[in-house]
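Text of upload14.pdb, listed as PDB, C-alpha atoms:
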```pdb
ATOM      1  CA  MET A1203       9.401 132.686 167.081
ATOM      2  CA  LYS A1204      12.011 132.883 169.815
ATOM      3  CA  ILE A1205      14.840 135.004 168.458
ATOM      4  CA  LEU A1206      18.235 135.785 169.971
ATOM      5  CA  VAL A1207      19.857 138.954 168.647
ATOM      6  CA  VAL A1208      23.556 139.309 169.445
ATOM      7  CA  GLY A1209      24.135 143.066 169.378
ATOM      8  CA  GLY A1210      21.374 145.213 167.946
ATOM      9  CA  THR A1211      21.115 148.156 170.315
ATOM     10  CA  ARG A1212      22.390 150.801 167.929
ATOM     11  CA  TYR A1213      22.229 151.962 164.319
ATOM     12  CA  PHE A1214      20.293 149.631 162.004
ATOM     13  CA  GLY A1215      19.856 147.078 164.782
ATOM     14  CA  ILE A1216      17.107 149.295 166.176
ATOM     15  CA  PRO A1217      14.767 149.246 163.132
ATOM     16  CA  MET A1218      15.551 145.539 162.779
ATOM     17  CA  ILE A1219      14.363 144.729 166.292
ATOM     18  CA  ASN A1220      11.345 147.013 165.965
ATOM     19  CA  ALA A1221      10.374 145.154 162.781
ATOM     20  CA  LEU A1222      10.726 141.805 164.582
ATOM     21  CA  LEU A1223       8.539 143.033 167.440
ATOM     22  CA  ALA A1224       5.928 144.313 164.989
ATOM     23  CA  LYS A1225       5.679 140.746 163.633
ATOM     24  CA  GLY A1226       5.072 139.402 167.137
ATOM     25  CA  HIS A1227       8.407 137.650 167.663
ATOM     26  CA  ASP A1228       9.814 136.960 171.140
ATOM     27  CA  VAL A1229      13.148 138.827 171.111
ATOM     28  CA  THR A1230      16.088 138.367 173.479
ATOM     29  CA  ILE A1231      19.063 140.701 173.044
ATOM     30  CA  ALA A1232      22.582 139.684 174.081
ATOM     31  CA  THR A1233      24.872 142.655 174.784
ATOM     32  CA  ARG A1234      27.541 143.787 177.214
ATOM     33  CA  GLY A1235      24.810 145.660 179.053
ATOM     34  CA  ASN A1236      26.112 149.137 178.303
ATOM     35  CA  THR A1237      23.132 150.302 176.252
ATOM     36  CA  LYS A1238      19.366 150.016 176.690
ATOM     37  CA  VAL A1239      16.995 151.231 173.998
ATOM     38  CA  ASP A1240      13.312 152.130 174.067
ATOM     39  CA  PHE A1241      12.118 149.664 171.437
ATOM     40  CA  ASP A1242       8.561 149.536 170.102
ATOM     41  CA  GLY A1243       7.706 146.649 172.418
ATOM     42  CA  GLU A1244       9.142 144.454 175.159
ATOM     43  CA  VAL A1245      12.454 142.640 174.789
ATOM     44  CA  SER A1246      14.507 140.485 177.141
ATOM     45  CA  TYR A1247      18.216 140.962 177.766
ATOM     46  CA  VAL A1248      21.149 138.724 178.583
ATOM     47  CA  THR A1249      24.531 140.202 179.428
ATOM     48  CA  LEU A1250      27.743 138.776 178.039
ATOM     49  CA  ASP A1251      31.142 139.694 176.656
ATOM     50  CA  ARG A1252      31.296 138.311 173.129
ATOM     51  CA  MET A1253      35.089 138.025 173.257
ATOM     52  CA  ASP A1254      35.019 135.952 176.471
ATOM     53  CA  PRO A1255      33.836 132.362 175.807
ATOM     54  CA  GLY A1256      33.243 131.807 179.525
ATOM     55  CA  SER A1257      30.928 134.803 179.657
ATOM     56  CA  VAL A1258      28.978 133.521 176.649
ATOM     57  CA  LYS A1259      28.692 130.080 178.238
ATOM     58  CA  ASN A1260      27.405 131.471 181.538
ATOM     59  CA  ALA A1261      24.777 133.557 179.771
ATOM     60  CA  LEU A1262      23.521 131.133 177.122
ATOM     61  CA  GLU A1263      24.568 127.539 177.835
ATOM     62  CA  ASN A1264      21.903 124.996 176.891
ATOM     63  CA  ARG A1265      19.445 127.629 175.668
ATOM     64  CA  LYS A1266      17.597 127.043 172.391
ATOM     65  CA  PHE A1267      16.190 129.610 169.960
ATOM     66  CA  ASP A1268      14.337 129.320 166.692
ATOM     67  CA  VAL A1269      16.613 131.935 165.114
ATOM     68  CA  ILE A1270      19.866 133.618 166.099
ATOM     69  CA  ILE A1271      20.698 136.935 164.426
ATOM     70  CA  ASP A1272      24.400 137.564 164.932
ATOM     71  CA  LYS A1273      25.143 141.232 164.255
ATOM     72  CA  ILE A1274      28.625 141.323 165.759
ATOM     73  CA  ALA A1275      30.457 138.273 164.417
ATOM     74  CA  TYR A1276      33.855 139.873 163.826
ATOM     75  CA  GLY A1277      35.927 136.708 163.698
ATOM     76  CA  SER A1278      35.776 132.927 163.717
ATOM     77  CA  ASN A1279      36.418 132.736 167.463
ATOM     78  CA  ASP A1280      33.365 134.961 168.029
ATOM     79  CA  VAL A1281      31.222 132.459 166.155
ATOM     80  CA  LYS A1282      32.786 129.517 167.988
ATOM     81  CA  ALA A1283      32.152 131.053 171.420
ATOM     82  CA  LEU A1284      28.502 131.594 170.519
ATOM     83  CA  LEU A1285      27.504 128.438 168.666
ATOM     84  CA  GLU A1286      29.305 126.090 171.062
ATOM     85  CA  ASN A1287      27.039 127.309 173.837
ATOM     86  CA  VAL A1288      23.620 127.979 172.358
ATOM     87  CA  SER A1289      21.576 126.193 169.706
ATOM     88  CA  CYS A1290      19.159 127.358 167.046
ATOM     89  CA  ASP A1291      17.245 126.124 164.033
ATOM     90  CA  ARG A1292      18.475 128.971 161.856
ATOM     91  CA  TYR A1293      21.483 131.262 162.073
ATOM     92  CA  ILE A1294      21.609 134.676 160.382
ATOM     93  CA  GLN A1295      24.994 136.387 160.362
ATOM     94  CA  MET A1296      25.524 140.052 159.565
ATOM     95  CA  SER A1297      28.382 139.785 157.104
ATOM     96  CA  THR A1298      29.652 142.331 154.566
ATOM     97  CA  CYS A1299      30.240 142.857 150.854
ATOM     98  CA  SER A1300      33.903 143.259 151.805
ATOM     99  CA  VAL A1301      34.218 139.473 151.580
ATOM    100  CA  TYR A1302      34.302 139.825 147.786
ATOM    101  CA  GLN A1303      37.842 139.932 146.483
ATOM    102  CA  ARG A1304      37.360 141.980 143.310
ATOM    103  CA  ASN A1305      35.522 145.273 142.841
ATOM    104  CA  HIS A1306      33.254 145.602 139.817
ATOM    105  CA  GLY A1307      29.622 146.117 138.916
ATOM    106  CA  ASP A1308      26.736 143.787 139.791
ATOM    107  CA  ILE A1309      28.670 141.416 142.063
ATOM    108  CA  THR A1310      26.760 138.195 142.748
ATOM    109  CA  GLU A1311      26.798 136.077 145.888
ATOM    110  CA  ASP A1312      28.652 133.179 144.267
ATOM    111  CA  GLU A1313      31.766 135.310 143.866
ATOM    112  CA  PHE A1314      32.646 134.347 147.432
ATOM    113  CA  VAL A1315      31.640 130.796 148.350
ATOM    114  CA  THR A1316      31.740 130.420 152.120
ATOM    115  CA  ALA A1317      32.195 126.637 152.172
ATOM    116  CA  GLU A1318      35.290 126.835 149.958
ATOM    117  CA  TYR A1319      37.148 129.266 152.197
ATOM    118  CA  PRO A1320      40.006 127.733 154.269
ATOM    119  CA  LEU A1321      38.962 128.292 157.879
ATOM    120  CA  GLU A1322      41.391 129.794 160.364
ATOM    121  CA  TRP A1323      40.400 130.105 164.009
ATOM    122  CA  THR A1324      41.293 133.673 164.890
ATOM    123  CA  GLY A1325      40.207 136.645 166.891
ATOM    124  CA  ARG A1326      39.316 140.003 165.388
ATOM    125  CA  LEU A1327      41.931 140.767 162.761
ATOM    126  CA  LYS A1328      42.908 144.204 161.480
ATOM    127  CA  ASP A1329      42.169 142.854 157.994
ATOM    128  CA  TYR A1330      38.386 143.258 158.087
ATOM    129  CA  PRO A1331      37.569 141.268 154.909
ATOM    130  CA  THR A1332      39.610 138.279 156.115
ATOM    131  CA  THR A1333      38.098 138.301 159.581
ATOM    132  CA  LYS A1334      34.583 138.367 158.109
ATOM    133  CA  ARG A1335      35.342 135.554 155.661
ATOM    134  CA  ASN A1336      36.490 133.488 158.619
ATOM    135  CA  ALA A1337      33.358 134.384 160.553
ATOM    136  CA  GLU A1338      31.146 133.124 157.739
ATOM    137  CA  ARG A1339      33.137 129.935 157.333
ATOM    138  CA  ALA A1340      33.157 129.197 161.071
ATOM    139  CA  ALA A1341      29.354 129.040 161.167
ATOM    140  CA  LEU A1342      29.443 125.996 158.868
ATOM    141  CA  GLU A1343      31.346 124.067 161.554
ATOM    142  CA  TYR A1344      28.197 124.195 163.695
ATOM    143  CA  MET A1345      25.245 124.648 161.353
ATOM    144  CA  ASP A1346      24.009 122.952 158.208
ATOM    145  CA  PRO A1347      24.599 125.339 155.278
ATOM    146  CA  SER A1348      20.884 125.316 154.477
ATOM    147  CA  ALA A1349      20.185 126.726 157.954
ATOM    148  CA  CYS A1350      22.628 129.645 157.571
ATOM    149  CA  THR A1351      22.122 133.054 156.011
ATOM    150  CA  PHE A1352      25.019 135.451 155.477
ATOM    151  CA  VAL A1353      23.691 138.963 154.875
ATOM    152  CA  ARG A1354      26.176 140.981 152.825
ATOM    153  CA  TYR A1355      25.794 144.761 152.768
ATOM    154  CA  PRO A1356      27.969 147.511 151.320
ATOM    155  CA  VAL A1357      28.374 150.717 153.360
ATOM    156  CA  VAL A1358      25.262 151.440 155.432
ATOM    157  CA  LEU A1359      24.277 155.104 155.556
ATOM    158  CA  GLY A1360      21.701 156.976 157.599
ATOM    159  CA  GLU A1361      20.958 159.707 160.084
ATOM    160  CA  ASN A1362      22.258 157.598 162.985
ATOM    161  CA  ASP A1363      25.556 156.591 161.374
ATOM    162  CA  TYR A1364      28.190 156.728 164.104
ATOM    163  CA  THR A1365      31.205 156.130 161.823
ATOM    164  CA  GLY A1366      31.389 159.665 160.397
ATOM    165  CA  ARG A1367      32.660 158.368 157.045
ATOM    166  CA  PHE A1368      29.926 159.918 154.900
ATOM    167  CA  ARG A1369      29.984 163.092 156.990
ATOM    168  CA  PHE A1370      33.710 163.401 156.258
ATOM    169  CA  TYR A1371      33.017 164.780 152.759
ATOM    170  CA  LEU A1372      30.499 167.374 153.939
ATOM    171  CA  GLU A1373      32.605 168.525 156.872
ATOM    172  CA  HIS A1374      35.662 168.996 154.688
ATOM    173  CA  ILE A1375      33.721 171.080 152.188
ATOM    174  CA  TRP A1376      32.099 173.087 154.998
ATOM    175  CA  ASN A1377      35.456 173.764 156.681
ATOM    176  CA  GLU A1378      37.316 174.180 153.366
ATOM    177  CA  GLN A1379      39.791 171.500 154.414
ATOM    178  CA  PRO A1380      41.808 169.689 151.746
ATOM    179  CA  MET A1381      40.800 166.092 151.115
ATOM    180  CA  TYR A1382      42.274 163.449 148.865
ATOM    181  CA  VAL A1383      39.742 161.598 146.718
ATOM    182  CA  ASP A1384      41.590 159.125 144.510
ATOM    183  CA  TYR A1385      38.817 158.356 141.996
ATOM    184  CA  PRO A1386      36.124 161.067 142.140
ATOM    185  CA  ASP A1387      34.133 159.470 139.316
ATOM    186  CA  SER A1388      33.964 156.041 140.941
ATOM    187  CA  ALA A1389      30.367 154.880 141.392
ATOM    188  CA  MET A1390      29.276 153.011 144.509
ATOM    189  CA  SER A1391      26.299 151.208 145.995
ATOM    190  CA  PHE A1392      24.990 151.962 149.483
ATOM    191  CA  ILE A1393      22.094 150.841 151.649
ATOM    192  CA  TYR A1394      19.883 152.971 153.900
ATOM    193  CA  GLU A1395      20.008 152.141 157.625
ATOM    194  CA  LYS A1396      16.268 151.516 158.071
ATOM    195  CA  GLU A1397      16.180 149.127 155.135
ATOM    196  CA  ALA A1398      19.341 147.379 156.347
ATOM    197  CA  GLY A1399      17.551 146.528 159.574
ATOM    198  CA  GLU A1400      14.184 145.690 158.059
ATOM    199  CA  PHE A1401      15.616 143.308 155.467
ATOM    200  CA  ILE A1402      17.209 141.141 158.165
ATOM    201  CA  ALA A1403      13.876 141.053 159.985
ATOM    202  CA  TYR A1404      12.192 140.119 156.701
ATOM    203  CA  ILE A1405      14.345 137.039 156.150
ATOM    204  CA  VAL A1406      13.408 135.705 159.581
ATOM    205  CA  ASP A1407       9.948 135.071 158.139
ATOM    206  CA  HIS A1408      11.126 134.473 154.557
ATOM    207  CA  PRO A1409      14.193 132.244 154.895
ATOM    208  CA  ILE A1410      17.078 132.490 152.442
ATOM    209  CA  SER A1411      19.850 129.893 152.528
ATOM    210  CA  GLY A1412      23.462 130.890 152.022
ATOM    211  CA  ALA A1413      24.701 134.363 151.193
ATOM    212  CA  VAL A1414      22.430 137.210 150.128
ATOM    213  CA  ASN A1415      23.345 140.727 149.043
ATOM    214  CA  GLY A1416      21.362 143.757 150.082
ATOM    215  CA  CYS A1417      21.685 147.307 148.747
ATOM    216  CA  SER A1418      19.672 150.125 147.254
ATOM    217  CA  ASN A1419      19.052 150.154 143.526
ATOM    218  CA  GLY A1420      21.555 152.239 141.589
ATOM    219  CA  THR A1421      24.891 153.856 142.352
ATOM    220  CA  ILE A1422      26.184 157.356 142.998
ATOM    221  CA  ARG A1423      29.512 158.857 141.996
ATOM    222  CA  ILE A1424      31.645 160.442 144.689
ATOM    223  CA  SER A1425      31.856 163.503 142.438
ATOM    224  CA  GLU A1426      28.040 163.711 142.491
ATOM    225  CA  ILE A1427      28.013 163.725 146.297
ATOM    226  CA  ILE A1428      30.653 166.451 146.319
ATOM    227  CA  SER A1429      28.932 168.539 143.623
ATOM    228  CA  TYR A1430      25.547 168.398 145.363
ATOM    229  CA  ALA A1431      27.103 169.381 148.691
ATOM    230  CA  GLU A1432      29.053 172.242 147.083
ATOM    231  CA  LYS A1433      25.832 173.726 145.705
ATOM    232  CA  LYS A1434      24.011 173.355 149.022
ATOM    233  CA  LEU A1435      26.882 174.788 151.065
ATOM    234  CA  GLY A1436      27.921 177.489 148.610
ATOM    235  CA  LYS A1437      31.536 176.372 148.922
ATOM    236  CA  LYS A1438      34.003 174.522 146.718
ATOM    237  CA  ALA A1439      35.642 171.294 147.787
ATOM    238  CA  VAL A1440      39.416 171.537 148.198
ATOM    239  CA  LEU A1441      40.761 168.425 146.473
ATOM    240  CA  ALA A1442      44.468 167.816 146.923
ATOM    241  CA  GLU A1443      46.802 164.838 146.911
ATOM    242  CA  ASN A1444      48.182 165.877 150.299
ATOM    243  CA  GLY A1445      44.713 166.274 151.787
ATOM    244  CA  ASP A1446      43.043 163.985 154.303
ATOM    245  CA  PRO A1447      42.378 160.599 152.631
ATOM    246  CA  ALA A1448      38.674 160.185 151.906
ATOM    247  CA  PRO A1449      36.840 157.183 153.394
ATOM    248  CA  TYR A1450      35.645 155.563 150.156
ATOM    249  CA  ASN A1451      38.957 155.635 148.323
ATOM    250  CA  GLY A1452      40.119 152.531 146.508
ATOM    251  CA  VAL A1453      37.235 152.006 144.079
ATOM    252  CA  GLU A1454      38.602 152.768 140.615
ATOM    253  CA  ASP A1455      35.435 152.492 138.552
ATOM    254  CA  ILE A1456      32.211 150.930 139.878
ATOM    255  CA  LEU A1457      31.239 148.872 142.908
ATOM    256  CA  SER A1458      27.706 147.501 142.899
ATOM    257  CA  PHE A1459      25.932 144.323 143.910
ATOM    258  CA  SER A1460      23.214 142.136 142.458
ATOM    259  CA  THR A1461      20.119 141.830 144.654
ATOM    260  CA  ASN A1462      18.336 139.290 142.465
ATOM    261  CA  LYS A1463      18.428 136.674 145.216
ATOM    262  CA  ALA A1464      16.644 139.011 147.635
ATOM    263  CA  LYS A1465      14.117 139.893 144.942
ATOM    264  CA  GLU A1466      13.409 136.200 144.365
ATOM    265  CA  ALA A1467      12.555 135.986 148.075
ATOM    266  CA  GLY A1468      10.038 138.795 147.614
ATOM    267  CA  TYR A1469      12.005 141.779 148.934
ATOM    268  CA  ALA A1470      12.366 144.969 146.880
ATOM    269  CA  PHE A1471      15.027 147.478 147.890
ATOM    270  CA  SER A1472      14.484 151.200 147.429
ATOM    271  CA  ASP A1473      16.183 153.356 144.804
ATOM    272  CA  LEU A1474      19.325 155.074 146.040
ATOM    273  CA  ASP A1475      18.154 158.441 144.697
ATOM    274  CA  SER A1476      15.019 158.260 146.865
ATOM    275  CA  TRP A1477      16.977 158.839 150.074
ATOM    276  CA  ILE A1478      20.642 159.755 149.613
ATOM    277  CA  TYR A1479      20.125 163.413 148.682
ATOM    278  CA  LYS A1480      17.733 163.801 151.609
ATOM    279  CA  LEU A1481      20.482 162.376 153.812
ATOM    280  CA  ILE A1482      22.967 164.940 152.485
ATOM    281  CA  ASP A1483      20.419 167.686 153.248
ATOM    282  CA  TYR A1484      20.008 166.300 156.767
ATOM    283  CA  GLU A1485      23.769 166.190 157.397
ATOM    284  CA  ILE A1486      24.227 169.710 156.029
ATOM    285  CA  ALA A1487      21.484 171.025 158.305
ATOM    286  CA  ALA A1488      23.224 169.324 161.237
ATOM    287  CA  LEU A1489      26.499 171.022 160.291
ATOM    288  CA  GLY A1490      24.829 174.398 160.488
ATOM    289  CA  GLN A1491      23.640 173.685 164.021
ATOM    290  CA  ARG A1492      27.094 172.933 165.428
TER     291      ARG A1492
END
```
Write-out of the structure in structure tokens:
Amino acid sequence: MKILVVGGTRYFGIPMINALLAKGHDVTIATRGNTKVDFDGEVSYVTLDRMDPGSVKNALENRKFDVIIDKIAYGSNDVKALLENVSCDRYIQMSTCSVYQRNHGDITEDEFVTAEYPLEWTGRLKDYPTTKRNAERAALEYMDPSACTFVRYPVVLGENDYTGRFRFYLEHIWNEQPMYVDYPDSAMSFIYEKEAGEFIAYIVDHPISGAVNGCSNGTIRISEIISYAEKKLGKKAVLAENGDPAPYNGVEDILSFSTNKAKEAGYAFSDLDSWIYKLIDYEIAALGQR
């Protein structure tokens, strides 16, 4: 199939594109042209500025793809600029579990119904959940709902994570810096970067309509991350209310997501325990090399 990927040259976009190439798909990547990656096969590039509708039009006007994978839809105007200028049979948008309005365990996709959300045409708002809800809803102005997939992930973790949020905990323990963790016993879901990319590639060949959650099986408590790191580093975490606010604050009890819809489509996510402690080991080894 002819596939347009908007974004995709870093983090879990790389295993996603490699998985698409391994299946023999014809991949075109739309980026600002700042980054080129050695993928496991040949790709084509188009250069555009996602926030400039004229740039999108010049790059993509009247082109047709079987599938568009939109990894950087950060607002409704982003979606408008894209889908007004290029057509596709199916549209896959990288969304987020942040669209859900209440934290609890085993959240299902129907807890945020895209079609019922009141659309506002906006740019990229500081309120990330709102901007992503708008991005999902905007797609339905151009595509039949059955031809849209909204992939909702929690926090993506991995060796190539550029955000530094997970590393925050390990660095603060290593440097004995105070940090403020509001609910240390809160339990959270995560997804591993390689799987985050490969699942999107999977649904190109195994279509899912509407929203679909993706995350590893199981949860981990923030206190468990801290305790494991303390033992590995031989240092105690300095927890203090006046410390640096920790990245995953705000979850009082449990935050997890049902992946039954993905399972029904034939995809099985890995267990969280199978990779997260290895990731902590990797990050700790990297700390020692700095």
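Non-sequential neighbours of A:Ser1460 (distance at most 7 Å, separation of 3 or more positions within a chain, all atoms listed in the file) are Asp1308, Ile1309, Thr1310 and Asn1415 of chain A.
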_Explicit residues for the PyMOL selection byres ((chain A and resi 1465-1469) around 12) (as JSON, numbers by chain)_ = {"A": [1397, 1398, 1400, 1401, 1402, 1403, 1404, 1405, 1406, 1407, 1408, 1409, 1410, 1411, 1414, 1415, 1416, 1417, 1418, 1419, 1460, 1461, 1462, 1463, 1464, 1470, 1471, 1472]}
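Applying the 10 Å criterion to (32.8, 164.9, 147.3) in file coordinates and using only C-alpha atoms, one obtains the residues Phe1368, Phe1370, Tyr1371, Leu1372, His1374, Ile1375, Met1381, Tyr1382, Val1383, Pro1386, Asp1387, Arg1423, Ile1424, Ser1425, Glu1426, Ile1427, Ile1428, Ser1429, Tyr1430, Ala1431, Glu1432, Lys1438, Ala1439, Val1440, Leu1441 and Ala1448 of chain A.
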*asked:* Once the PyMOL selection byres ((chain A and resi 1324) around 6) has been evaluated on this model, what residues remain selected, and can you format them as a list in words?
replied: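 Applied to this file, the PyMOL selection byres ((chain A and resi 1324) around 6) returns Ser1278, Asn1279, Glu1322, Trp1323 and Gly1325 of chain A.
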_8 Å contact set for A:Asn1220, only C-alpha atoms, chain neighbours under 3 positions out, as a list in words_ =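 These residues fall inside the cut-off: Ile1216, Pro1217, Leu1223, Ala1224, Phe1241, Asp1242 and Gly1243 of chain A.
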*Selection dump of the PyMOL selection byres ((chain A and resi 1488) around 12), as a ChimeraX atom specification*: /A:1361-1362,1369,1372-1373,1376,1481-1487,1489-1492
*Which polymer residues have any atom within 12 Å of an atom of A:Val1207, counting all atoms listed in the file, with same-chain residues fewer than 2 positions away left out, as number ranges by chain?*
A: 1204-1205, 1209-1211, 1215-1216, 1218-1219, 1222, 1227-1233, 1245-1249, 1267-1275, 1284, 1290, 1293-1296, 1402-1403, 1406
Go ahead and write the selection's residues with C-alpha atoms as a PDB file, in the coordinates of the input.
```
ATOM      1  CA  LYS A1204      12.011 132.883 169.815  1.00  0.00           C
ATOM      2  CA  ILE A1205      14.840 135.004 168.458  1.00  0.00           C
ATOM      3  CA  GLY A1209      24.135 143.066 169.378  1.00  0.00           C
ATOM      4  CA  GLY A1210      21.374 145.213 167.946  1.00  0.00           C
ATOM      5  CA  THR A1211      21.115 148.156 170.315  1.00  0.00           C
ATOM      6  CA  GLY A1215      19.856 147.078 164.782  1.00  0.00           C
ATOM      7  CA  ILE A1216      17.107 149.295 166.176  1.00  0.00           C
ATOM      8  CA  MET A1218      15.551 145.539 162.779  1.00  0.00           C
ATOM      9  CA  ILE A1219      14.363 144.729 166.292  1.00  0.00           C
ATOM     10  CA  LEU A1222      10.726 141.805 164.582  1.00  0.00           C
ATOM     11  CA  HIS A1227       8.407 137.650 167.663  1.00  0.00           C
ATOM     12  CA  ASP A1228       9.814 136.960 171.140  1.00  0.00           C
ATOM     13  CA  VAL A1229      13.148 138.827 171.111  1.00  0.00           C
ATOM     14  CA  THR A1230      16.088 138.367 173.479  1.00  0.00           C
ATOM     15  CA  ILE A1231      19.063 140.701 173.044  1.00  0.00           C
ATOM     16  CA  ALA A1232      22.582 139.684 174.081  1.00  0.00           C
ATOM     17  CA  THR A1233      24.872 142.655 174.784  1.00  0.00           C
ATOM     18  CA  VAL A1245      12.454 142.640 174.789  1.00  0.00           C
ATOM     19  CA  SER A1246      14.507 140.485 177.141  1.00  0.00           C
ATOM     20  CA  TYR A1247      18.216 140.962 177.766  1.00  0.00           C
ATOM     21  CA  VAL A1248      21.149 138.724 178.583  1.00  0.00           C
ATOM     22  CA  THR A1249      24.531 140.202 179.428  1.00  0.00           C
ATOM     23  CA  PHE A1267      16.190 129.610 169.960  1.00  0.00           C
ATOM     24  CA  ASP A1268      14.337 129.320 166.692  1.00  0.00           C
ATOM     25  CA  VAL A1269      16.613 131.935 165.114  1.00  0.00           C
ATOM     26  CA  ILE A1270      19.866 133.618 166.099  1.00  0.00           C
ATOM     27  CA  ILE A1271      20.698 136.935 164.426  1.00  0.00           C
ATOM     28  CA  ASP A1272      24.400 137.564 164.932  1.00  0.00           C
ATOM     29  CA  LYS A1273      25.143 141.232 164.255  1.00  0.00           C
ATOM     30  CA  ILE A1274      28.625 141.323 165.759  1.00  0.00           C
ATOM     31  CA  ALA A1275      30.457 138.273 164.417  1.00  0.00           C
ATOM     32  CA  LEU A1284      28.502 131.594 170.519  1.00  0.00           C
ATOM     33  CA  CYS A1290      19.159 127.358 167.046  1.00  0.00           C
ATOM     34  CA  TYR A1293      21.483 131.262 162.073  1.00  0.00           C
ATOM     35  CA  ILE A1294      21.609 134.676 160.382  1.00  0.00           C
ATOM     36  CA  GLN A1295      24.994 136.387 160.362  1.00  0.00           C
ATOM     37  CA  MET A1296      25.524 140.052 159.565  1.00  0.00           C
ATOM     38  CA  ILE A1402      17.209 141.141 158.165  1.00  0.00           C
ATOM     39  CA  ALA A1403      13.876 141.053 159.985  1.00  0.00           C
ATOM     40  CA  VAL A1406      13.408 135.705 159.581  1.00  0.00           C
TER      41      VAL A1406
END
```
*Distance criterion (all atoms listed in the file): nearest to A:Thr1316 out of A:Gly1445, A:Pro1347, A:Pro1331, A:Gly1420*: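 Residue with the minimum atom-to-atom distance to A:Thr1316: A:Pro1347.
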All residues 8 Å or closer to A:Ala1341, all atoms listed in the file, same chain fewer than 3 positions away omitted, as a PDB file with C-alpha atoms, in the frame of the given file:
```
ATOM      1  CA  SER A1278      35.776 132.927 163.717  1.00  0.00           C
ATOM      2  CA  VAL A1281      31.222 132.459 166.155  1.00  0.00           C
ATOM      3  CA  LYS A1282      32.786 129.517 167.988  1.00  0.00           C
ATOM      4  CA  LEU A1285      27.504 128.438 168.666  1.00  0.00           C
ATOM      5  CA  ALA A1337      33.358 134.384 160.553  1.00  0.00           C
ATOM      6  CA  GLU A1338      31.146 133.124 157.739  1.00  0.00           C
ATOM      7  CA  TYR A1344      28.197 124.195 163.695  1.00  0.00           C
ATOM      8  CA  MET A1345      25.245 124.648 161.353  1.00  0.00           C
ATOM      9  CA  CYS A1350      22.628 129.645 157.571  1.00  0.00           C
TER      10      CYS A1350
END
```
Using only the atoms of stretch 1310-1320 of chain A listed in the file, plus 3 Å on each side, state the axis-aligned box centre and edge lengths in Å rounded to one decimal, as AutoDock Vina command-line options.
```
--center_x 33.4 --center_y 132.4 --center_z 148.5 --size_x 19.2 --size_y 17.6 --size_z 17.5
```
*A:Ser1297, A:Asn1264, A:Asn1444, A:Ser1458 ranked by distance to A:Gln1379, top pick (using all atoms listed in the file)*: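 Answer, going by the shortest atom-to-atom distance: A:Asn1444.
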_Just to confirm, what's the straight-line distance from atom CA of A:Arg1339 to atom CA of A:Val1353 in Å (one decimal)?_
13.3 Å
_Atomic distance atom CA of A:Ile1456 - atom CA of A:Tyr1479, expressed in Å with one decimal_ =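 Atom-to-atom, atom CA of A:Ile1456 and atom CA of A:Tyr1479 are spaced 19.5 Å apart.
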*What is the atom CA of A:Gly1399 to atom CA of A:Val1301 distance in Å?*
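About the pair atom CA of A:Gly1399 and atom CA of A:Val1301: they are 19.8 Å apart.
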*Hey, which of A:Leu1474, A:Ile1393, A:Val1288, A:Val1357 ends up closest to A:Tyr1450? Count only C-alpha atoms.*
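With only C-alpha atoms as the atom set, the closest residue is A:Val1357.
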_My list of candidates is A:Gly1235, A:Pro1447, A:Gly1226, A:Pro1356. Which is closest to A:Ser1300 when distances are computed with all atoms listed in the file?_
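Closest to A:Ser1300, using all atoms listed in the file: A:Pro1356.
Compared by their closest atoms to A:Phe1214, and using only C-alpha atoms, the residues A:Ser1388, A:Pro1380, A:Gly1436, A:Val1358 rank with A:Val1358 nearest.
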_Surrounding residues of A:Tyr1364 excluding itself and chain neighbours under 5 positions, 10 Å, all atoms listed in the file, as a ChimeraX atom specification_ = /A:1212-1213,1359,1369
*Rank A:Asp1473, A:Asp1291, A:Asp1254, A:Asp1329 by their smallest atom-to-atom distance to A:Leu1206, using only C-alpha atoms, and report the top residue only.*
A:Asp1291
Reconstructed stretch 1301-1309 of chain A, atom set N, CA and C atoms, as a PDB file, in the coordinates of the input:
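Wrote selection31.pdb, looks like this:
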```
ATOM      1  N   VAL A1301      33.672 140.823 151.787  1.00  0.00           N
ATOM      2  CA  VAL A1301      34.218 139.473 151.580  1.00  0.00           C
ATOM      3  C   VAL A1301      34.574 139.232 150.117  1.00  0.00           C
ATOM      4  N   TYR A1302      33.988 139.999 149.202  1.00  0.00           N
ATOM      5  CA  TYR A1302      34.302 139.825 147.786  1.00  0.00           C
ATOM      6  C   TYR A1302      35.704 140.354 147.496  1.00  0.00           C
ATOM      7  N   GLN A1303      36.421 139.633 146.668  1.00  0.00           N
ATOM      8  CA  GLN A1303      37.842 139.932 146.483  1.00  0.00           C
ATOM      9  C   GLN A1303      38.138 140.817 145.285  1.00  0.00           C
ATOM     10  N   ARG A1304      37.113 141.128 144.470  1.00  0.00           N
ATOM     11  CA  ARG A1304      37.360 141.980 143.310  1.00  0.00           C
ATOM     12  C   ARG A1304      36.209 142.965 143.156  1.00  0.00           C
ATOM     13  N   ASN A1305      36.538 144.235 143.020  1.00  0.00           N
ATOM     14  CA  ASN A1305      35.522 145.273 142.841  1.00  0.00           C
ATOM     15  C   ASN A1305      35.092 145.370 141.373  1.00  0.00           C
ATOM     16  N   HIS A1306      33.803 145.359 141.148  1.00  0.00           N
ATOM     17  CA  HIS A1306      33.254 145.602 139.817  1.00  0.00           C
ATOM     18  C   HIS A1306      31.749 145.811 139.959  1.00  0.00           C
ATOM     19  N   GLY A1307      31.053 145.897 138.870  1.00  0.00           N
ATOM     20  CA  GLY A1307      29.622 146.117 138.916  1.00  0.00           C
ATOM     21  C   GLY A1307      28.833 144.829 139.024  1.00  0.00           C
ATOM     22  N   ASP A1308      27.704 144.885 139.742  1.00  0.00           N
ATOM     23  CA  ASP A1308      26.736 143.787 139.791  1.00  0.00           C
ATOM     24  C   ASP A1308      27.336 142.490 140.339  1.00  0.00           C
ATOM     25  N   ILE A1309      28.053 142.584 141.437  1.00  0.00           N
ATOM     26  CA  ILE A1309      28.670 141.416 142.063  1.00  0.00           C
ATOM     27  C   ILE A1309      27.575 140.477 142.584  1.00  0.00           C
TER      28      ILE A1309
END
```
